[in-house]
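Here's the structure, in structure tokens; my notes come after.
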Amino acid sequence: MPLLYANTLCSKSAQAPTEGSLLQAAPRSLPVPWDPAPGAHYNSSFLGSSRRQKAGSSCLGWKLVPATEEGQGPFPRATQPQRRGLPLASTRPAPASSRGSPGPAPPLAAARGGLQLPKRPAAALGHMVLGVRARYRRGLPGGSAMGQRVPGVPWAVAFLALLALRGAAAAAPNFVLVLADDLGFGDLGSYGHPSSATPHLDWMASRGLRFTDFYSSSSVCSPSRAALLTGRFQMRSGVYPGVFSPGSRGGLPLSEVTIAEVLKAAGYATAMVGKWHLGLGMNASFLPIHQGFDHFLGVPYSHDQHTHYPQFASQEYTGQSQRGPFGDALAEFDGSVGQLLQALKDNGLANTTLVFFTSDNGPSTLRMARGGSSGLLKCGKGTTYEGGMREPAVAYWPGRITPGVTHELASTLDVLPTLTALAGAALPKVALDGYDLSPVLFGSGKSPRQTMFFFPPSPDPLHGPFAVRFGKYKAHYFTQGSLHSDTTPDEACHGLTPLTPHLPPLLFDLESDPAENYDLLQSGVGPELLQVLKEIQLHKVLFEQRMEFGESQIRKGRDPALQPCCVPNCTPKPSCCHCS
């Protein structure tokens, strides 16, 4: 099974790739400077999206490079240390002989009638992980190389579908994880927005399991992605404070075990498409190809498109939404999800594939209507209020998951343990913070998760979690605003609102008051609430005793020379890097 992690991409019409060739980024298409190491060998495909493009223009370029050397591609190979808890994973698919199959499938082969390269530019899905069975065969029934093109099909969607088609039928399921960027709890029609054009995500929600109490581990990008991939709070891996920048020296440590590595060990092929935002590093040592992914098609850090400001939409969607640029981008994102679901159906993969959708953190309201919506929840991105970390989430698996709505507590931290269990794989031998959600998905029981801990973008052991949810109750020990949540009428959300301790903590009943408006302790503490506070405090203390803060990767600082640059050897960087 390939595992993919993707962001917003657009396609450029060009000759389709053929056997013995790899994709390489066209420097003028990159969102930021790109500077490949002279004479280096590479081992992954890379396609970049431009930061700003006119509607309908190409925002992704690529060209063919003869694969004359093993592992050739746009990013250099790096030496990897042994992964903690798992054997070292290869950055490329194992030879066919080692997988017990007659031979490798042709690169990007498609079944008859399947997705192929688009003729015109189109936006692709935002942030995705895809898992597909990886027992390769030489071809597919009626299979062909990607020679023809189908108008209107996003490049990244085609890439994902074609990767899926490489897998032969087997007992283990396929996995597709779709992770939106800065999408709020109230942004989808299925979550109550009156004017969002999200028919495909709403259709998926109506035929899948929709979560009402699903949380990200963080209210900003890099730490939330680290936690999703590892099943561990971001503090353990050192992905704090804040997020990685283009020149960051650090990244997600290679000693961390990702879901891609877990699935590879179980015979899955893995791939990632889109925004990585977990470090680039010297010789691109932190890219997905060194974190268990066989393929990488995307950008190394935030590209500021689709639902992440400044939003992008292609000509087909520009001006079509009632919500302006954000709504246009969201509509295109939704359309891409629809095409992906259709591709799975057309190729007979729908009933063997778990599709899971959520968002990395709450919406940015800094630019008012140019950002997303938390709905009835308080604040948004950058805060530990509900709007910063409670996310829309849908699990869709026809024939396996009964359609409905669940109020069970769940988190992105639970993705790794859940997929590991479904794949019959072995959990990494490290401290995990997630749980197997199979009882929730298949209606056999309640969620094993009873608590959720809310850390700010800059956590530290002294303050610990700013808030703790236990059952339906949430206690805030500290609150602080964020610039990401500025411009809302609630001053508690604003960036100038300082860190404020609360003793006793603010206590809310999230079942009756999800907006966190009414502190239950304002009128005194009765015996029932006193017992609730004692239980929350006990869970908090026990959790803090188990939590170990790893060395901060972001505090390792920045080096402008590490930024990708499309003007090789220019100085000074990054000001000399101009892609035109």
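FYI, nothing fancy with the structure tokens labels: chains A, B, ... in order, residues from 1 per chain, ligands from 1 as they appear.
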- Item | Residues within 9 Å of A:Thr451, only C-alpha atoms, excluding chain neighbours under 3 positions, as a list in words | Leu409, Val468, Arg469, Phe470, Gly471, Ile536 and His539 of chain A
- Please report, as a PyMOL selection string, each residue of stretch 376-432 of chain A to which DSSP assigns strand (DSSP E or B) when run on this structure's backbone. chain A and resi 390-396+404-406+410-411
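Each of A:Ala313, A:Leu228, A:Leu376, A:Met235 was compared to A:Asp187 using only C-alpha atoms, and A:Leu376 turns out to be the nearest.
Across A:Leu344, A:Val415, A:Ala410, A:Leu278, the tightest approach to A:Ser447 is made by A:Ala410 when counting only C-alpha atoms.
In this structure, atom CA of A:Gly443 sits 16.5 Å away from atom CA of A:Phe214.
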What are the closest atom pairs, with distances in Å to one decimal, for each residue of stretch 379-425 of chain A lying within 12 Å of stretch 266-270 of chain A, using only C-alpha atoms, rows by chain and rising residue number, as a Markdown table?
```
| residue | atom | partner | partner_atom | distance |
| --- | --- | --- | --- | --- |
| A:Leu419 | CA | A:Ala266 | CA | 11.3 |
| A:Thr420 | CA | A:Ala266 | CA | 9.0 |
| A:Ala421 | CA | A:Ala266 | CA | 11.0 |
| A:Leu422 | CA | A:Ala266 | CA | 11.1 |
| A:Ala423 | CA | A:Ala266 | CA | 7.4 |
| A:Gly424 | CA | A:Ala266 | CA | 7.5 |
| A:Ala425 | CA | A:Ala266 | CA | 5.4 |
```
Next, dump the selected residues to file, keeping only C-alpha atoms, as a PDB file, in the first residue's frame.
```pdb
ATOM      1  CA  LEU A 419      -4.568   1.924  10.846  1.00  0.00           C
ATOM      2  CA  THR A 420      -1.956  -0.337  12.399  1.00  0.00           C
ATOM      3  CA  ALA A 421      -4.691  -2.551  13.838  1.00  0.00           C
ATOM      4  CA  LEU A 422      -6.687  -2.621  10.595  1.00  0.00           C
ATOM      5  CA  ALA A 423      -3.585  -3.529   8.603  1.00  0.00           C
ATOM      6  CA  GLY A 424      -2.575  -6.273  11.036  1.00  0.00           C
ATOM      7  CA  ALA A 425       0.749  -4.507  11.541  1.00  0.00           C
TER       8      ALA A 425
END
```
- Quick one: pull the distance between atom CA of A:Ala265 and atom CA of A:Pro417, Å, one decimal. 14.4 Å
- Message: Please determine, counting only C-alpha atoms, which residue among A:Ser523, A:Thr406, A:Gln537, A:Ser302 has the shortest atom-to-atom distance to A:Pro465.
- Response: A:Gln537
Can you list, as a PDB file with N, CA and C atoms, in the first residue's frame, every residue of stretch 270-485 of chain A that DSSP puts in alpha helix (DSSP H)?
```pdb
ATOM      1  N   GLY A 324     -16.443  33.886  -1.392  1.00  0.00           N
ATOM      2  CA  GLY A 324     -15.264  34.579  -1.885  1.00  0.00           C
ATOM      3  C   GLY A 324     -14.100  33.636  -2.139  1.00  0.00           C
ATOM      4  N   PRO A 325     -12.847  34.155  -2.092  1.00  0.00           N
ATOM      5  CA  PRO A 325     -11.671  33.332  -2.402  1.00  0.00           C
ATOM      6  C   PRO A 325     -11.558  32.082  -1.532  1.00  0.00           C
ATOM      7  N   PHE A 326     -11.888  32.199  -0.248  1.00  0.00           N
ATOM      8  CA  PHE A 326     -11.824  31.014   0.605  1.00  0.00           C
ATOM      9  C   PHE A 326     -12.841  29.970   0.136  1.00  0.00           C
ATOM     10  N   GLY A 327     -14.047  30.413  -0.142  1.00  0.00           N
ATOM     11  CA  GLY A 327     -15.070  29.480  -0.604  1.00  0.00           C
ATOM     12  C   GLY A 327     -14.735  28.848  -1.935  1.00  0.00           C
ATOM     13  N   ASP A 328     -14.101  29.612  -2.839  1.00  0.00           N
ATOM     14  CA  ASP A 328     -13.685  29.054  -4.126  1.00  0.00           C
ATOM     15  C   ASP A 328     -12.662  27.935  -3.917  1.00  0.00           C
ATOM     16  N   ALA A 329     -11.688  28.204  -3.054  1.00  0.00           N
ATOM     17  CA  ALA A 329     -10.650  27.201  -2.783  1.00  0.00           C
ATOM     18  C   ALA A 329     -11.251  25.973  -2.121  1.00  0.00           C
ATOM     19  N   LEU A 330     -12.163  26.207  -1.181  1.00  0.00           N
ATOM     20  CA  LEU A 330     -12.808  25.092  -0.498  1.00  0.00           C
ATOM     21  C   LEU A 330     -13.639  24.264  -1.477  1.00  0.00           C
ATOM     22  N   ALA A 331     -14.322  24.922  -2.399  1.00  0.00           N
ATOM     23  CA  ALA A 331     -15.130  24.208  -3.389  1.00  0.00           C
ATOM     24  C   ALA A 331     -14.253  23.340  -4.281  1.00  0.00           C
ATOM     25  N   GLU A 332     -13.073  23.861  -4.636  1.00  0.00           N
ATOM     26  CA  GLU A 332     -12.184  23.069  -5.474  1.00  0.00           C
ATOM     27  C   GLU A 332     -11.612  21.885  -4.699  1.00  0.00           C
ATOM     28  N   PHE A 333     -11.283  22.131  -3.457  1.00  0.00           N
ATOM     29  CA  PHE A 333     -10.836  21.039  -2.587  1.00  0.00           C
ATOM     30  C   PHE A 333     -11.909  19.951  -2.543  1.00  0.00           C
ATOM     31  N   ASP A 334     -13.143  20.361  -2.351  1.00  0.00           N
ATOM     32  CA  ASP A 334     -14.258  19.430  -2.286  1.00  0.00           C
ATOM     33  C   ASP A 334     -14.425  18.681  -3.606  1.00  0.00           C
ATOM     34  N   GLY A 335     -14.298  19.400  -4.721  1.00  0.00           N
ATOM     35  CA  GLY A 335     -14.404  18.753  -6.013  1.00  0.00           C
ATOM     36  C   GLY A 335     -13.348  17.690  -6.228  1.00  0.00           C
ATOM     37  N   SER A 336     -12.148  17.952  -5.724  1.00  0.00           N
ATOM     38  CA  SER A 336     -11.069  16.978  -5.848  1.00  0.00           C
ATOM     39  C   SER A 336     -11.364  15.730  -5.023  1.00  0.00           C
ATOM     40  N   VAL A 337     -11.952  15.927  -3.844  1.00  0.00           N
ATOM     41  CA  VAL A 337     -12.346  14.775  -3.032  1.00  0.00           C
ATOM     42  C   VAL A 337     -13.371  13.934  -3.798  1.00  0.00           C
ATOM     43  N   GLY A 338     -14.306  14.599  -4.458  1.00  0.00           N
ATOM     44  CA  GLY A 338     -15.293  13.877  -5.249  1.00  0.00           C
ATOM     45  C   GLY A 338     -14.671  13.056  -6.350  1.00  0.00           C
ATOM     46  N   GLN A 339     -13.660  13.610  -7.016  1.00  0.00           N
ATOM     47  CA  GLN A 339     -12.992  12.883  -8.087  1.00  0.00           C
ATOM     48  C   GLN A 339     -12.205  11.697  -7.547  1.00  0.00           C
ATOM     49  N   LEU A 340     -11.630  11.865  -6.381  1.00  0.00           N
ATOM     50  CA  LEU A 340     -10.914  10.757  -5.764  1.00  0.00           C
ATOM     51  C   LEU A 340     -11.868   9.615  -5.409  1.00  0.00           C
ATOM     52  N   LEU A 341     -13.005   9.958  -4.799  1.00  0.00           N
ATOM     53  CA  LEU A 341     -13.991   8.935  -4.456  1.00  0.00           C
ATOM     54  C   LEU A 341     -14.508   8.232  -5.707  1.00  0.00           C
ATOM     55  N   GLN A 342     -14.707   8.994  -6.780  1.00  0.00           N
ATOM     56  CA  GLN A 342     -15.177   8.408  -8.027  1.00  0.00           C
ATOM     57  C   GLN A 342     -14.126   7.472  -8.616  1.00  0.00           C
ATOM     58  N   ALA A 343     -12.855   7.859  -8.509  1.00  0.00           N
ATOM     59  CA  ALA A 343     -11.782   7.017  -9.032  1.00  0.00           C
ATOM     60  C   ALA A 343     -11.719   5.690  -8.281  1.00  0.00           C
ATOM     61  N   LEU A 344     -11.900   5.739  -6.974  1.00  0.00           N
ATOM     62  CA  LEU A 344     -11.908   4.499  -6.195  1.00  0.00           C
ATOM     63  C   LEU A 344     -13.064   3.601  -6.635  1.00  0.00           C
ATOM     64  N   LYS A 345     -14.227   4.204  -6.858  1.00  0.00           N
ATOM     65  CA  LYS A 345     -15.393   3.440  -7.282  1.00  0.00           C
ATOM     66  C   LYS A 345     -15.191   2.850  -8.673  1.00  0.00           C
ATOM     67  N   ASP A 346     -14.709   3.668  -9.597  1.00  0.00           N
ATOM     68  CA  ASP A 346     -14.546   3.221 -10.975  1.00  0.00           C
ATOM     69  C   ASP A 346     -13.565   2.064 -11.096  1.00  0.00           C
ATOM     70  N   GLU A 386     -11.834  25.451  21.899  1.00  0.00           N
ATOM     71  CA  GLU A 386     -12.359  24.413  21.016  1.00  0.00           C
ATOM     72  C   GLU A 386     -12.151  24.739  19.542  1.00  0.00           C
ATOM     73  N   GLY A 387     -12.293  25.994  19.157  1.00  0.00           N
ATOM     74  CA  GLY A 387     -12.144  26.370  17.754  1.00  0.00           C
ATOM     75  C   GLY A 387     -10.749  26.182  17.208  1.00  0.00           C
ATOM     76  N   GLY A 388      -9.765  26.075  18.086  1.00  0.00           N
ATOM     77  CA  GLY A 388      -8.388  25.896  17.634  1.00  0.00           C
ATOM     78  C   GLY A 388      -8.021  24.464  17.350  1.00  0.00           C
ATOM     79  N   MET A 389      -8.717  23.504  17.998  1.00  0.00           N
ATOM     80  CA  MET A 389      -8.275  22.111  17.910  1.00  0.00           C
ATOM     81  C   MET A 389      -9.384  21.106  17.610  1.00  0.00           C
ATOM     82  N   VAL A 415      -4.902   7.937  14.764  1.00  0.00           N
ATOM     83  CA  VAL A 415      -4.833   7.431  13.388  1.00  0.00           C
ATOM     84  C   VAL A 415      -3.822   6.299  13.279  1.00  0.00           C
ATOM     85  N   LEU A 416      -2.616   6.483  13.804  1.00  0.00           N
ATOM     86  CA  LEU A 416      -1.592   5.438  13.682  1.00  0.00           C
ATOM     87  C   LEU A 416      -2.024   4.135  14.350  1.00  0.00           C
ATOM     88  N   PRO A 417      -2.464   4.152  15.612  1.00  0.00           N
ATOM     89  CA  PRO A 417      -2.889   2.881  16.204  1.00  0.00           C
ATOM     90  C   PRO A 417      -4.057   2.222  15.470  1.00  0.00           C
ATOM     91  N   THR A 418      -4.982   3.025  14.953  1.00  0.00           N
ATOM     92  CA  THR A 418      -6.146   2.472  14.263  1.00  0.00           C
ATOM     93  C   THR A 418      -5.756   1.809  12.947  1.00  0.00           C
ATOM     94  N   LEU A 419      -4.975   2.507  12.119  1.00  0.00           N
ATOM     95  CA  LEU A 419      -4.568   1.924  10.846  1.00  0.00           C
ATOM     96  C   LEU A 419      -3.654   0.722  11.053  1.00  0.00           C
ATOM     97  N   THR A 420      -2.827   0.792  12.086  1.00  0.00           N
ATOM     98  CA  THR A 420      -1.956  -0.337  12.399  1.00  0.00           C
ATOM     99  C   THR A 420      -2.782  -1.580  12.702  1.00  0.00           C
ATOM    100  N   ALA A 421      -3.830  -1.415  13.494  1.00  0.00           N
ATOM    101  CA  ALA A 421      -4.691  -2.551  13.838  1.00  0.00           C
ATOM    102  C   ALA A 421      -5.416  -3.080  12.611  1.00  0.00           C
ATOM    103  N   LEU A 422      -5.944  -2.189  11.776  1.00  0.00           N
ATOM    104  CA  LEU A 422      -6.687  -2.621  10.595  1.00  0.00           C
ATOM    105  C   LEU A 422      -5.789  -3.326   9.584  1.00  0.00           C
ATOM    106  N   ALA A 423      -4.525  -2.923   9.541  1.00  0.00           N
ATOM    107  CA  ALA A 423      -3.585  -3.529   8.603  1.00  0.00           C
ATOM    108  C   ALA A 423      -2.959  -4.807   9.154  1.00  0.00           C
ATOM    109  N   SER A 438     -11.114   1.314  16.320  1.00  0.00           N
ATOM    110  CA  SER A 438     -11.938   0.317  15.633  1.00  0.00           C
ATOM    111  C   SER A 438     -13.316   0.136  16.270  1.00  0.00           C
ATOM    112  N   PRO A 439     -13.436   0.116  17.609  1.00  0.00           N
ATOM    113  CA  PRO A 439     -14.782  -0.025  18.196  1.00  0.00           C
ATOM    114  C   PRO A 439     -15.730   1.098  17.785  1.00  0.00           C
ATOM    115  N   VAL A 440     -15.207   2.295  17.616  1.00  0.00           N
ATOM    116  CA  VAL A 440     -16.044   3.425  17.203  1.00  0.00           C
ATOM    117  C   VAL A 440     -16.407   3.299  15.721  1.00  0.00           C
ATOM    118  N   LEU A 441     -15.420   2.970  14.908  1.00  0.00           N
ATOM    119  CA  LEU A 441     -15.657   2.896  13.465  1.00  0.00           C
ATOM    120  C   LEU A 441     -16.685   1.840  13.105  1.00  0.00           C
TER     121      LEU A 441
END
```
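Take atom CA of A:Val299 and atom CA of A:His578: the distance between them is 16.7 Å.
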- The residue from A:Ser206, A:Ser364, A:Gln234, A:Thr198 with the smallest atom-to-atom distance to A:His494, counting only C-alpha atoms, is A:Ser364
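The list of residues with at least one atom within 10 Å of stretch 399-404 of chain A, based on only C-alpha atoms and without residues fewer than 6 positions apart in the same chain, reads Met204, Ala205, Ser206, Arg207, Gly208, Leu209, Arg210, Phe211, Ala350, Asn351, Thr352, Thr353, Leu354, Ser438, Val440, Leu441, Phe442 and Gly443 of chain A.
Proximity ranking of A:Cys566, A:Tyr396, A:Val262, A:Arg232 relative to A:Tyr435 places A:Arg232 first, based on only C-alpha atoms.
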- For stretch 543-559 of chain A, work out the shell of residues within 6 Å, counting only C-alpha atoms and skipping chain neighbours fewer than 3 positions away, then give it as a PyMOL selection string. chain A and resi 235-240+247-251+540+562
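Among the candidate residues A:Arg225, A:Asp486, A:Glu516, A:Ala475, the one lying nearest to A:Gly371 is A:Asp486, with distances computed using only C-alpha atoms.
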